[in-house]
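For reference, start-v3.cif is printed below; it contains mmCIF, C-alpha atoms.
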data_target
loop_
_atom_site.label_atom_id
_atom_site.label_comp_id
_atom_site.auth_asym_id
_atom_site.auth_seq_id
_atom_site.Cartn_x
_atom_site.Cartn_y
_atom_site.Cartn_z
CA MET P 15 -8.65 -3.66 9.62
CA GLY P 16 -8.31 -3.41 5.85
CA MET P 17 -6.45 -6.69 5.30
CA ALA P 18 -7.44 -9.48 7.65
CA GLY P 19 -4.55 -11.29 9.28
CA VAL P 20 -2.13 -11.32 12.17
CA ALA P 21 1.00 -9.30 12.79
CA VAL P 22 3.41 -11.77 11.20
CA SER P 23 5.90 -10.48 8.68
CA ARG P 24 6.57 -12.27 5.40
CA ALA P 25 9.83 -10.38 4.98
CA PRO P 26 12.87 -12.57 4.14
CA GLU P 27 15.12 -13.40 7.07
CA ALA P 28 18.72 -14.34 7.79
CA PRO P 29 20.23 -15.60 11.07
CA LEU P 30 20.90 -12.88 13.67
CA VAL P 31 20.24 -9.92 11.36
CA GLY P 32 16.72 -10.93 10.27
CA ALA P 33 15.41 -8.86 7.35
CA LEU P 34 18.09 -6.17 7.59
CA PRO P 35 20.06 -7.07 4.41
CA TRP P 36 16.85 -6.95 2.35
CA LEU P 37 15.70 -3.76 4.06
CA VAL P 38 18.92 -2.01 3.09
CA ARG P 39 18.53 -3.09 -0.56
CA ASP P 40 14.75 -2.68 -0.96
CA PRO P 41 13.11 -1.10 2.09
CA VAL P 42 9.90 -0.18 0.26
CA GLY P 43 9.33 -3.67 -1.12
CA VAL P 44 10.11 -5.38 2.19
CA CYS P 45 7.77 -3.10 4.14
CA GLU P 46 4.99 -3.49 1.57
CA ARG P 47 5.17 -7.29 1.69
CA ALA P 48 5.20 -7.26 5.48
CA ALA P 49 2.19 -4.95 5.66
CA VAL P 50 0.14 -6.94 3.14
CA SER P 51 0.85 -10.28 4.83
CA GLY P 52 0.23 -8.83 8.29
CA GLY P 53 -3.13 -7.23 7.58
CA GLY P 54 -1.88 -3.66 7.74
CA PHE P 55 0.28 -4.19 10.85
CA ALA P 56 3.38 -6.35 11.05
CA ARG P 57 6.53 -6.68 13.11
CA LEU P 58 9.68 -6.84 11.04
CA PRO P 59 12.09 -9.69 11.89
CA LEU P 60 15.06 -7.77 13.27
CA GLY P 61 16.02 -9.78 16.33
CA PRO P 62 15.14 -8.07 19.61
CA ALA P 63 14.45 -4.69 17.96
CA ALA P 64 10.77 -3.74 18.05
CA VAL P 65 10.09 -2.38 14.54
CA TYR P 66 6.57 -2.41 13.08
CA VAL P 67 5.09 -1.56 9.70
CA VAL P 68 1.71 0.21 9.81
CA SER P 69 -0.50 0.71 6.76
CA ASP P 70 -4.08 -0.01 7.89
CA PRO P 71 -5.97 3.33 7.59
CA ASP P 72 -7.45 3.22 11.10
CA LEU P 73 -4.10 2.41 12.69
CA VAL P 74 -2.32 5.06 10.64
CA ARG P 75 -4.86 7.58 11.88
CA ARG P 76 -4.24 6.47 15.47
CA VAL P 77 -0.48 7.05 15.04
CA LEU P 78 -0.63 10.32 13.12
CA VAL P 79 -3.82 11.91 14.52
CA GLY P 80 -5.58 10.27 17.47
CA ASN P 81 -2.48 9.66 19.59
CA ALA P 82 0.06 11.71 17.62
CA ALA P 83 1.63 13.15 20.79
CA ASN P 84 2.87 9.65 21.65
CA TYR P 85 4.71 9.19 18.35
CA THR P 86 7.78 11.32 17.69
CA LYS P 87 9.80 11.19 14.50
CA GLY P 88 12.30 8.82 16.10
CA ARG P 89 16.02 8.29 15.85
CA LEU P 90 16.16 8.21 12.05
CA MET P 91 15.62 11.97 12.27
CA ASN P 92 19.05 12.26 13.92
CA GLY P 93 20.62 11.49 10.56
CA ILE P 94 18.21 13.62 8.56
CA ARG P 95 18.62 16.50 11.02
CA ILE P 96 22.25 16.75 9.88
CA ALA P 97 20.80 18.31 6.72
CA PHE P 98 17.52 19.90 7.79
CA GLY P 99 18.62 21.12 11.21
CA ASP P 100 15.52 22.25 13.09
CA GLY P 101 13.45 22.89 9.99
CA LEU P 102 9.75 22.14 9.90
CA PHE P 103 10.24 18.53 8.78
CA THR P 104 12.47 17.53 11.69
CA SER P 105 11.48 19.83 14.56
CA GLU P 106 9.14 18.73 17.34
CA GLY P 107 7.01 20.20 20.10
CA ALA P 108 6.89 23.93 20.79
CA LEU P 109 9.48 24.80 18.12
CA TRP P 110 7.51 22.97 15.44
CA ARG P 111 4.25 24.65 16.47
CA ARG P 112 5.90 28.08 16.36
CA GLN P 113 7.42 27.50 12.93
CA ARG P 114 4.22 26.04 11.52
CA ARG P 115 2.24 29.11 12.61
CA LEU P 116 4.82 31.46 11.10
CA MET P 117 5.00 29.63 7.77
CA GLN P 118 1.40 28.55 7.23
CA PRO P 119 0.17 31.77 5.51
CA ALA P 120 2.73 31.38 2.72
CA PHE P 121 1.27 27.98 1.77
CA GLN P 122 -2.45 28.71 1.85
CA PRO P 123 -4.30 28.03 -1.44
CA ALA P 124 -4.94 31.77 -1.81
CA ALA P 125 -1.17 32.32 -1.94
CA MET P 126 -0.69 29.91 -4.84
CA SER P 127 -1.34 32.39 -7.65
CA LEU P 128 2.34 33.37 -7.70
CA THR P 129 3.41 29.72 -7.85
CA ALA P 130 1.04 29.15 -10.79
CA GLU P 131 2.31 32.19 -12.70
CA VAL P 132 5.94 31.24 -12.14
CA THR P 133 5.34 27.60 -13.09
CA ALA P 134 3.58 28.50 -16.34
CA ASP P 135 6.29 30.99 -17.32
CA ILE P 136 9.22 28.69 -16.61
CA TRP P 137 7.60 25.56 -18.04
CA ARG P 138 6.50 27.32 -21.25
CA ARG P 139 10.07 28.37 -21.98
CA ARG P 140 11.35 24.91 -21.11
CA LEU P 141 8.85 23.15 -23.37
CA ASP P 142 9.67 25.40 -26.32
CA GLY P 143 13.04 23.68 -26.57
CA TRP P 144 11.80 20.08 -26.54
CA SER P 145 12.31 17.68 -29.43
CA GLY P 146 13.10 14.02 -29.93
CA ARG P 147 14.13 12.13 -26.80
CA VAL P 148 13.64 13.78 -23.40
CA ASP P 149 14.27 12.61 -19.84
CA LEU P 150 11.12 13.63 -17.96
CA LEU P 151 12.70 13.26 -14.53
CA ALA P 152 15.56 15.63 -15.42
CA GLU P 153 13.11 18.12 -16.94
CA PHE P 154 10.80 18.10 -13.94
CA LEU P 155 13.77 18.50 -11.60
CA HIS P 156 14.82 21.62 -13.50
CA LEU P 157 11.25 22.94 -13.42
CA ASP P 158 10.83 22.42 -9.70
CA ILE P 159 14.15 23.91 -8.71
CA ALA P 160 13.53 26.94 -10.93
CA VAL P 161 10.02 27.48 -9.49
CA ILE P 162 11.13 27.14 -5.88
CA LEU P 163 14.09 29.46 -6.36
CA ARG P 164 11.91 32.06 -8.11
CA VAL P 165 9.20 31.88 -5.44
CA LEU P 166 11.77 32.01 -2.63
CA PHE P 167 14.20 34.55 -4.05
CA SER P 168 12.23 36.29 -6.82
CA ALA P 169 15.06 35.65 -9.27
CA ASP P 170 16.39 33.11 -11.74
CA LEU P 171 19.84 31.66 -11.15
CA PRO P 172 22.41 31.35 -13.91
CA ALA P 173 22.29 27.88 -15.43
CA GLY P 174 25.65 26.82 -14.00
CA ARG P 175 24.70 27.79 -10.48
CA ALA P 176 21.34 26.02 -10.71
CA GLU P 177 23.07 22.89 -12.00
CA GLU P 178 25.41 22.98 -9.02
CA LEU P 179 22.45 23.18 -6.63
CA VAL P 180 20.91 20.11 -8.29
CA ARG P 181 24.19 18.21 -8.05
CA LEU P 182 24.60 19.05 -4.36
CA ALA P 183 20.96 18.23 -3.59
CA ASP P 184 21.29 14.81 -5.23
CA ARG P 185 24.32 14.06 -3.04
CA VAL P 186 22.40 15.12 0.06
CA PHE P 187 19.44 12.89 -0.84
CA ALA P 188 21.78 9.95 -1.41
CA GLY P 189 23.39 10.62 1.96
CA MET P 190 20.00 10.75 3.69
CA ALA P 191 18.98 7.42 2.18
CA GLY P 192 22.25 5.99 3.50
CA GLN P 193 21.08 6.83 7.04
CA LEU P 194 18.13 4.43 6.76
CA PRO P 195 19.90 1.49 8.49
CA ALA P 196 20.12 3.65 11.63
CA PHE P 197 16.36 3.23 12.00
CA PHE P 198 16.64 -0.55 12.21
CA LEU P 199 20.01 -0.99 13.95
CA PRO P 200 20.95 -0.64 17.63
CA ARG P 201 22.12 2.85 18.55
CA TRP P 202 25.72 1.74 19.06
CA VAL P 203 26.18 0.46 15.47
CA PRO P 204 27.95 3.12 13.33
CA VAL P 205 26.35 4.08 10.02
CA PRO P 206 28.85 4.20 7.13
CA GLY P 207 29.05 7.14 4.75
CA ARG P 208 28.17 9.81 7.28
CA ALA P 209 31.33 11.87 6.65
CA GLY P 210 30.57 12.19 2.92
CA TYR P 211 26.97 13.01 3.74
CA ARG P 212 28.08 15.84 6.04
CA ARG P 213 30.31 17.25 3.30
CA ALA P 214 27.38 17.26 0.87
CA VAL P 215 25.17 19.00 3.45
CA ASP P 216 27.86 21.59 4.13
CA GLY P 217 28.22 22.30 0.42
CA LEU P 218 24.50 22.77 -0.18
CA GLY P 219 24.06 24.68 3.08
CA THR P 220 26.79 27.11 2.06
CA GLU P 221 25.07 27.79 -1.28
CA ILE P 222 21.68 28.29 0.34
CA SER P 223 23.10 30.60 3.03
CA ARG P 224 24.81 32.61 0.30
CA LEU P 225 21.53 33.01 -1.59
CA ILE P 226 19.73 34.15 1.56
CA SER P 227 22.51 36.64 2.35
CA GLU P 228 22.55 38.03 -1.19
CA HIS P 229 18.85 38.71 -1.21
CA ARG P 230 18.76 40.01 2.34
CA HIS P 231 21.48 42.58 1.55
CA ALA P 232 19.85 43.49 -1.75
CA GLY P 233 16.56 44.11 0.04
CA SER P 234 14.84 41.75 -2.40
CA GLY P 235 13.33 38.33 -2.29
CA GLY P 236 10.17 36.47 -3.10
CA GLU P 237 7.08 36.47 -0.93
CA LEU P 238 8.11 33.26 0.81
CA LEU P 239 11.61 34.40 1.76
CA THR P 240 10.24 37.79 2.81
CA ALA P 241 7.77 36.00 5.10
CA LEU P 242 10.55 33.95 6.67
CA LEU P 243 12.68 37.05 7.27
CA THR P 244 9.95 39.35 8.56
CA GLU P 245 7.36 37.23 10.38
CA ARG P 246 7.27 37.52 14.17
CA ASP P 247 5.93 35.09 16.72
CA GLU P 248 3.56 36.04 19.54
CA THR P 249 6.49 37.41 21.57
CA GLY P 250 7.67 39.63 18.71
CA ARG P 251 10.74 37.50 17.93
CA PRO P 252 11.79 36.86 14.30
CA MET P 253 13.36 33.61 13.15
CA SER P 254 17.08 33.37 13.80
CA ASP P 255 19.45 33.30 10.82
CA ARG P 256 20.06 29.60 11.48
CA GLN P 257 16.34 28.90 11.58
CA VAL P 258 15.80 30.71 8.27
CA ARG P 259 18.59 28.60 6.76
CA ASP P 260 17.04 25.39 8.09
CA GLU P 261 13.59 26.25 6.73
CA VAL P 262 14.88 27.24 3.29
CA PHE P 263 17.06 24.10 3.15
CA THR P 264 14.04 21.98 4.12
CA MET P 265 11.72 23.56 1.56
CA PHE P 266 14.34 23.27 -1.15
CA MET P 267 15.01 19.59 -0.49
CA ALA P 268 11.46 18.48 0.28
CA GLY P 269 9.90 20.44 -2.56
CA TYR P 270 11.87 20.09 -5.71
CA GLU P 271 12.75 16.39 -5.82
CA SER P 272 9.54 14.93 -4.44
CA THR P 273 7.22 16.74 -6.87
CA ALA P 274 9.49 15.96 -9.81
CA THR P 275 9.66 12.26 -8.95
CA SER P 276 5.91 11.77 -8.56
CA LEU P 277 5.20 13.72 -11.74
CA ALA P 278 7.76 11.75 -13.75
CA TRP P 279 6.22 8.42 -12.65
CA THR P 280 2.73 9.75 -13.49
CA CYS P 281 3.72 10.84 -16.99
CA ASP P 282 5.41 7.50 -17.60
CA LEU P 283 2.14 5.78 -16.68
CA VAL P 284 0.15 8.08 -18.96
CA GLY P 285 2.50 7.36 -21.85
CA ARG P 286 1.97 3.61 -21.38
CA HIS P 287 -1.84 3.93 -21.30
CA PRO P 288 -2.99 5.47 -24.61
CA SER P 289 -6.65 5.62 -23.61
CA VAL P 290 -5.76 7.70 -20.54
CA ALA P 291 -3.54 9.99 -22.62
CA GLU P 292 -6.33 10.48 -25.17
CA ARG P 293 -8.89 11.39 -22.50
CA LEU P 294 -6.45 13.77 -20.86
CA ARG P 295 -5.69 15.59 -24.12
CA ALA P 296 -9.40 15.76 -25.00
CA GLU P 297 -10.24 17.42 -21.69
CA VAL P 298 -7.35 19.86 -21.96
CA ASP P 299 -8.39 20.82 -25.50
CA GLU P 300 -12.03 21.26 -24.55
CA VAL P 301 -11.38 23.37 -21.46
CA LEU P 302 -8.47 25.45 -22.74
CA GLY P 303 -8.55 25.42 -26.52
CA GLY P 304 -5.17 26.86 -27.39
CA ARG P 305 -4.69 29.17 -24.43
CA GLU P 306 -2.28 28.62 -21.58
CA PRO P 307 -3.79 27.28 -18.33
CA THR P 308 -4.05 29.39 -15.20
CA LEU P 309 -4.66 28.55 -11.57
CA ASP P 310 -8.38 29.25 -12.06
CA ASP P 311 -8.59 26.58 -14.77
CA LEU P 312 -7.40 23.72 -12.56
CA PRO P 313 -10.74 22.91 -10.85
CA GLY P 314 -12.36 22.48 -14.27
CA LEU P 315 -9.65 20.07 -15.44
CA GLU P 316 -11.14 17.23 -13.43
CA TYR P 317 -9.70 14.30 -15.33
CA ALA P 318 -6.20 15.80 -15.15
CA GLY P 319 -6.65 15.98 -11.38
CA ARG P 320 -7.68 12.32 -11.27
CA VAL P 321 -4.67 11.31 -13.37
CA LEU P 322 -2.31 13.01 -10.93
CA SER P 323 -4.11 11.55 -7.90
CA GLU P 324 -3.76 8.05 -9.32
CA GLY P 325 -0.08 8.67 -10.03
CA LEU P 326 0.40 9.77 -6.43
CA ARG P 327 -1.44 6.68 -5.23
CA LEU P 328 0.96 4.35 -6.99
CA TYR P 329 4.03 6.51 -6.45
CA PRO P 330 3.64 8.70 -3.37
CA ALA P 331 6.64 11.00 -3.19
CA PHE P 332 7.60 9.73 0.25
CA PRO P 333 6.61 6.05 0.41
CA MET P 334 7.41 5.69 4.12
CA TYR P 335 7.31 7.85 7.24
CA PHE P 336 9.07 7.02 10.49
CA ARG P 337 7.85 7.33 14.06
CA ALA P 338 8.89 6.15 17.55
CA ALA P 339 6.52 5.32 20.41
CA VAL P 340 7.20 7.40 23.53
CA GLU P 341 4.94 5.25 25.71
CA ALA P 342 3.32 1.85 25.18
CA ASP P 343 0.13 1.90 23.10
CA ARG P 344 -2.42 -0.41 21.52
CA LEU P 345 -2.95 -0.29 17.79
CA GLY P 346 -6.11 -2.21 17.08
CA GLY P 347 -5.57 -5.46 18.92
CA TYR P 348 -1.79 -5.17 18.98
CA HIS P 349 0.52 -4.06 21.78
CA VAL P 350 3.20 -1.53 20.82
CA PRO P 351 5.91 -1.24 23.50
CA ALA P 352 7.48 2.05 24.56
CA GLY P 353 10.48 2.82 22.36
CA ALA P 354 9.17 0.82 19.39
CA GLN P 355 10.06 2.10 15.93
CA LEU P 356 7.21 2.39 13.41
CA VAL P 357 7.27 2.59 9.63
CA VAL P 358 4.05 4.24 8.45
CA CYS P 359 3.77 3.10 4.85
CA PRO P 360 1.48 4.91 2.38
CA TRP P 361 3.05 2.82 -0.37
CA ALA P 362 1.47 -0.30 1.15
CA ALA P 363 -1.78 1.43 2.16
CA HIS P 364 -2.27 2.58 -1.44
CA ARG P 365 -1.97 -1.04 -2.58
CA ASP P 366 -4.40 -2.57 -0.08
CA PRO P 367 -6.85 -4.61 -2.22
CA ALA P 368 -9.60 -4.03 0.35
CA TYR P 369 -9.77 -0.42 -0.85
CA TRP P 370 -8.05 -0.58 -4.23
CA PRO P 371 -9.23 -3.50 -6.44
CA GLU P 372 -6.46 -4.58 -8.81
CA PRO P 373 -4.15 -2.24 -6.91
CA GLU P 374 -1.28 -2.28 -9.42
CA ARG P 375 -3.57 -1.17 -12.29
CA PHE P 376 -3.38 2.49 -13.33
CA ASP P 377 -6.98 3.75 -13.27
CA PRO P 378 -7.60 7.49 -12.78
CA ASP P 379 -11.34 6.84 -12.44
CA ARG P 380 -10.67 5.53 -8.93
CA PHE P 381 -10.85 9.22 -8.05
CA THR P 382 -14.29 10.07 -9.38
CA PRO P 383 -16.31 11.81 -6.63
CA GLU P 384 -18.58 8.77 -6.24
CA ARG P 385 -15.74 6.31 -5.73
CA VAL P 386 -13.87 8.65 -3.40
CA ALA P 387 -16.99 9.07 -1.24
CA ALA P 388 -17.47 5.30 -1.05
CA ARG P 389 -13.89 4.56 0.02
CA HIS P 390 -12.36 4.74 3.51
CA ARG P 391 -11.17 8.33 3.83
CA GLY P 392 -7.89 7.20 5.34
CA ALA P 393 -6.94 4.84 2.51
CA TYR P 394 -5.14 7.58 0.58
CA PHE P 395 -2.57 9.91 2.14
CA PRO P 396 0.25 10.82 -0.27
CA PHE P 397 1.04 13.99 1.72
CA GLY P 398 0.53 12.50 5.18
CA VAL P 399 -2.36 13.09 7.54
CA GLY P 400 -2.98 15.07 10.72
CA GLN P 401 -1.12 18.09 12.01
CA ARG P 402 2.14 16.99 10.35
CA ARG P 403 0.55 16.78 6.91
CA CYS P 404 2.93 18.32 4.38
CA ILE P 405 2.68 22.11 4.49
CA GLY P 406 3.85 22.30 0.87
CA GLU P 407 0.99 20.21 -0.54
CA PRO P 408 -0.81 23.15 -2.24
CA MET P 409 2.43 24.26 -3.91
CA ALA P 410 3.34 20.73 -5.03
CA LEU P 411 -0.11 20.10 -6.52
CA THR P 412 -0.18 23.48 -8.26
CA ILE P 413 3.17 22.86 -9.94
CA ALA P 414 2.37 19.26 -10.85
CA ARG P 415 -1.10 19.88 -12.30
CA LEU P 416 -0.02 22.84 -14.40
CA ALA P 417 3.03 20.97 -15.69
CA LEU P 418 0.94 17.91 -16.58
CA VAL P 419 -1.72 19.97 -18.38
CA MET P 420 0.77 22.05 -20.37
CA LEU P 421 2.63 18.91 -21.37
CA ALA P 422 -0.56 17.18 -22.58
CA GLN P 423 -1.56 20.33 -24.45
CA ARG P 424 1.65 20.51 -26.46
CA PHE P 425 2.96 16.97 -26.92
CA GLU P 426 2.21 13.30 -27.33
CA LEU P 427 4.60 11.10 -25.35
CA ALA P 428 5.88 7.63 -26.18
CA PRO P 429 8.05 5.63 -23.76
CA ALA P 430 11.63 5.30 -24.98
CA GLY P 431 12.30 2.08 -23.10
CA SER P 432 10.91 -0.42 -20.63
CA ARG P 433 9.31 0.62 -17.35
CA PRO P 434 11.92 2.26 -15.11
CA ALA P 435 13.04 0.38 -12.03
CA GLY P 436 12.63 2.22 -8.74
CA ARG P 437 15.10 2.90 -5.97
CA TYR P 438 14.52 4.27 -2.50
CA ALA P 439 16.37 7.49 -1.70
CA MET P 440 13.92 8.98 0.82
CA THR P 441 11.69 9.53 -2.20
CA TYR P 442 11.09 6.65 -4.65
CA GLN P 443 13.09 7.56 -7.73
CA PRO P 444 12.95 6.03 -11.21
CA ARG P 445 16.42 4.60 -11.65
CA GLY P 446 17.99 6.01 -14.79
CA GLY P 447 15.31 8.65 -15.30
CA VAL P 448 12.14 8.49 -17.42
CA PRO P 449 13.16 8.71 -21.10
CA VAL P 450 10.37 9.46 -23.60
CA ARG P 451 10.03 10.51 -27.22
CA VAL P 452 8.01 13.68 -27.64
CA THR P 453 5.91 14.49 -30.70
CA PRO P 454 4.54 18.04 -30.98
CA ARG P 455 0.79 18.23 -31.53
CA ASP P 456 0.48 19.88 -34.94
CA TRP P 457 -2.66 21.83 -34.20
CA PHE P 458 -1.38 23.51 -31.06
CA HIS P 459 -0.51 27.19 -31.38
CA PRO P 460 -0.43 28.78 -27.91
CA THR P 461 -2.36 31.94 -27.20
CA GLU P 462 -2.28 34.20 -24.21
CA PRO P 463 -4.24 33.08 -21.12
CA VAL P 464 -7.51 34.82 -20.43
CA GLY P 465 -6.64 38.13 -18.80
CA GLY P 466 -3.00 37.78 -19.87
#
Please express what this file holds, its structure, as structure tokens.
Amino acid sequence: MGMAGVAVSRAPEAPLVGALPWLVRDPVGVCERAAVSGGGFARLPLGPAAVYVVSDPDLVRRVLVGNAANYTKGRLMNGIRIAFGDGLFTSEGALWRRQRRLMQPAFQPAAMSLTAEVTADIWRRRLDGWSGRVDLLAEFLHLDIAVILRVLFSADLPAGRAEELVRLADRVFAGMAGQLPAFFLPRWVPVPGRAGYRRAVDGLGTEISRLISEHRHAGSGGELLTALLTERDETGRPMSDRQVRDEVFTMFMAGYESTATSLAWTCDLVGRHPSVAERLRAEVDEVLGGREPTLDDLPGLEYAGRVLSEGLRLYPAFPMYFRAAVEADRLGGYHVPAGAQLVVCPWAAHRDPAYWPEPERFDPDRFTPERVAARHRGAYFPFGVGQRRCIGEPMALTIARLALVMLAQRFELAPAGSRPAGRYAMTYQPRGGVPVRVTPRDWFHPTEPVGG
């Protein structure tokens, strides 16, 4: 195992409730400390409840790949399913396999050219209005929601309607995070705040259903929505209206906030490391000159790719995944009883000093080809691993890399405050945003992309 030790948690404890009060306040920090002290596998002190944190790469692979059929998403999904219904993130078994087959073509790398074109167009117009102090998190949220809506519906929403979608989505995310205690508590303990969470879900669901209906009746829609409405399974059946709603809701929620959060953390790190920022700008200038980047340029922007990979190492969009053991299993030398709840923690795995020397240091050169080849292939999994690996990974990386490159091409960034504190809300969000001061690069005068 990556970190030698025994399965003993170093999480703080209180009588009767164990680590629960700390888990509610800082679940990511508690799980990271438990994983590090337990050698990549630790039982959390929660009385008789069997809850384990798993971060060792070999054990993670056992849970998510080798014996994945034994590990369902668990009872925390009951709360999240209030929002996502039977979308791809929450569904299991035959339904999940059917939906994955139907949706996979829309997320293949070859289908990303539209995402790249939309991202460049929206982000260019957004950047043209920048000056002075800017909140990167807010800007990336607007970018992501605009890209996803354009790709889904082939249209831009009026500003007021887009703002309302963001407001509703934030309330849904906050409600989801409030369901976290259900993972650690007995089934009979009520979870507070569920009524408000349901109201937020109903509000966002109504808006999304309205958008689907508008574009269905207009006979229009982006490639992704068209695929959802027209694809048939092996029996010739299309998705039901409810299933289309659940998939669009899931893509909207999982896509826009997670990419924006990871990208905001990454840019904050770049702004606090001038040598990294200088190398990034130098590569962008050499490869692109003054022209706008395209999808075809991304493989040649190697350092930009490493910068984003290192940002995702330190701030994976979803720092924890949740699973439940159907039957008893052995993870390494440890017994996992049937019904046990597992927290699979990329946040802790990405900070394992056995694979990441000085793990808190921001160093994009960890992702040179030589160092990647020498490292355990399971030590890095910001989008998950195995058959449940995030289907939207190609879209997220396309948006994030183009946004990062265009930002470096046009501006120099300086932090406008101390490092943001983080808070867990399913993703790991910078509390209070990521304020920066932007300085336009005097030499930059954009030209059309090659072939544009």
Using all atoms listed in the file, find each residue of range 235-335 of chain P with at least one atom at most 9 Å away from an atom of range 76-97 of chain P; report its shortest atom-to-atom pair and that distance in Å (one decimal), sort the rows by chain and rising residue number, and return the result as a tab-separated table.
residue	atom	partner	partner_atom	distance
P:Asp260	CA	P:Ala97	CA	8.1
P:Phe263	CA	P:Ala97	CA	7.8
P:Thr264	CA	P:Ala97	CA	8.1
P:Tyr335	CA	P:Lys87	CA	8.4
Using C-alpha atoms, can you write the selected residues to a file as a compact mmCIF listing (two decimals), in the frame of the given file?
# COMPACT_ATOMS: atom_id res chain seq x y z
CA ASP P 260 17.04 25.39 8.09
CA PHE P 263 17.06 24.10 3.15
CA THR P 264 14.04 21.98 4.12
CA TYR P 335 7.31 7.85 7.24
Exercise for the section: Measure the distance from CA of Glu426 in chain P to CA of Glu316 in chain P in Å and round it to one decimal. Expected result: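 Atom-to-atom, CA of Glu426 in chain P to CA of Glu316 in chain P, that is 19.7 Å.
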Practice task
To one decimal in Å, tell me the separation between CA of Val148 in chain P and CA of Ala169 in chain P.
Solution key: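 One can read the CA of Val148 in chain P to CA of Ala169 in chain P distance as 26.1 Å.
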Handout entry: P:Pro123, P:Gly406, P:Gly54, P:Gly174 ranked by distance to Val357 in chain P, top pick (using only C-alpha atoms)
Key = P:Gly54
Handout entry: Two-atom distance - CA of Asp70 in chain P, CA of His390 in chain P (Å)
Key =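 CA of Asp70 in chain P sits 10.5 Å away from CA of His390 in chain P.
Candidate residues P:Pro429, P:Gly436, P:Gly43, P:Pro62 were compared for distance to Gly146 in chain P, and the nearest is P:Pro429, using all atoms listed in the file.
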Problem - Nearest residue to Thr441 in chain P from the set P:Ala188, P:Ala417, P:Leu60, P:Ala125 (distances using only C-alpha atoms) - result: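 Using only C-alpha atoms, Thr441 in chain P sits closest to P:Ala188.
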Problem - Proximity to Val74 in chain P - best of P:Arg140, P:Arg337, P:Arg389, P:Arg375, only C-alpha atoms - result: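 Smallest distance to Val74 in chain P is found for P:Arg337.
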Gly392 in chain P surroundings by all atoms listed in the file, 12 Å radius, close-in-sequence under 5 positions cut, as a short mmCIF file (atom, residue, chain, number, x, y, z; two decimals) with C-alpha atoms, in the frame of the given file:
data_model
loop_
_atom_site.label_atom_id
_atom_site.label_comp_id
_atom_site.auth_asym_id
_atom_site.auth_seq_id
_atom_site.Cartn_x
_atom_site.Cartn_y
_atom_site.Cartn_z
CA MET P 15 -8.65 -3.66 9.62
CA GLY P 16 -8.31 -3.41 5.85
CA SER P 69 -0.50 0.71 6.76
CA ASP P 70 -4.08 -0.01 7.89
CA PRO P 71 -5.97 3.33 7.59
CA ASP P 72 -7.45 3.22 11.10
CA LEU P 73 -4.10 2.41 12.69
CA VAL P 74 -2.32 5.06 10.64
CA ARG P 75 -4.86 7.58 11.88
CA ARG P 76 -4.24 6.47 15.47
CA LEU P 78 -0.63 10.32 13.12
CA VAL P 79 -3.82 11.91 14.52
CA PRO P 360 1.48 4.91 2.38
CA ALA P 363 -1.78 1.43 2.16
CA HIS P 364 -2.27 2.58 -1.44
CA ASP P 366 -4.40 -2.57 -0.08
CA TYR P 369 -9.77 -0.42 -0.85
CA VAL P 386 -13.87 8.65 -3.40
CA ALA P 387 -16.99 9.07 -1.24
CA PHE P 397 1.04 13.99 1.72
CA GLY P 398 0.53 12.50 5.18
CA VAL P 399 -2.36 13.09 7.54
CA GLY P 400 -2.98 15.07 10.72
#
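Using all atoms listed in the file, the protein and nucleic acid residues lying no more than 9 Å from Glu341 in chain P, apart from those fewer than 2 places from it along its own chain, are Asn84, Tyr85, Ala339, Asp343, Val350, Pro351, Ala352, Gly353 and Ala354 of chain P.
Residues matched by the PyMOL selection byres ((chain P and resi 129) around 9) in this structure: Ala125, Met126, Ser127, Leu128, Ala130, Glu131, Val132, Thr133, Ala134, Val161, Ile162, Arg164, Val165, Leu309, Met409, Thr412 and Ile413 of chain P.
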Practice task
Using the chain letters and residue numbers of this document, give as a PyMOL selection string the residues selected by the PyMOL selection byres ((chain P and resi 67) around 12).
Solution key: chain P and resi 21-25+41-59+64-66+68-70+73-74+77+198+334-338+345+350+354-363
Handout entry: Contacts of Leu155 in chain P at 12 Å (all atoms listed in the file; same-chain gap of 5+ positions) as number ranges by chain
Key = P: 137, 140, 149-150, 160-162, 176-177, 179-181, 183-184, 266-267, 269-278, 413-414, 417, 443, 447-448
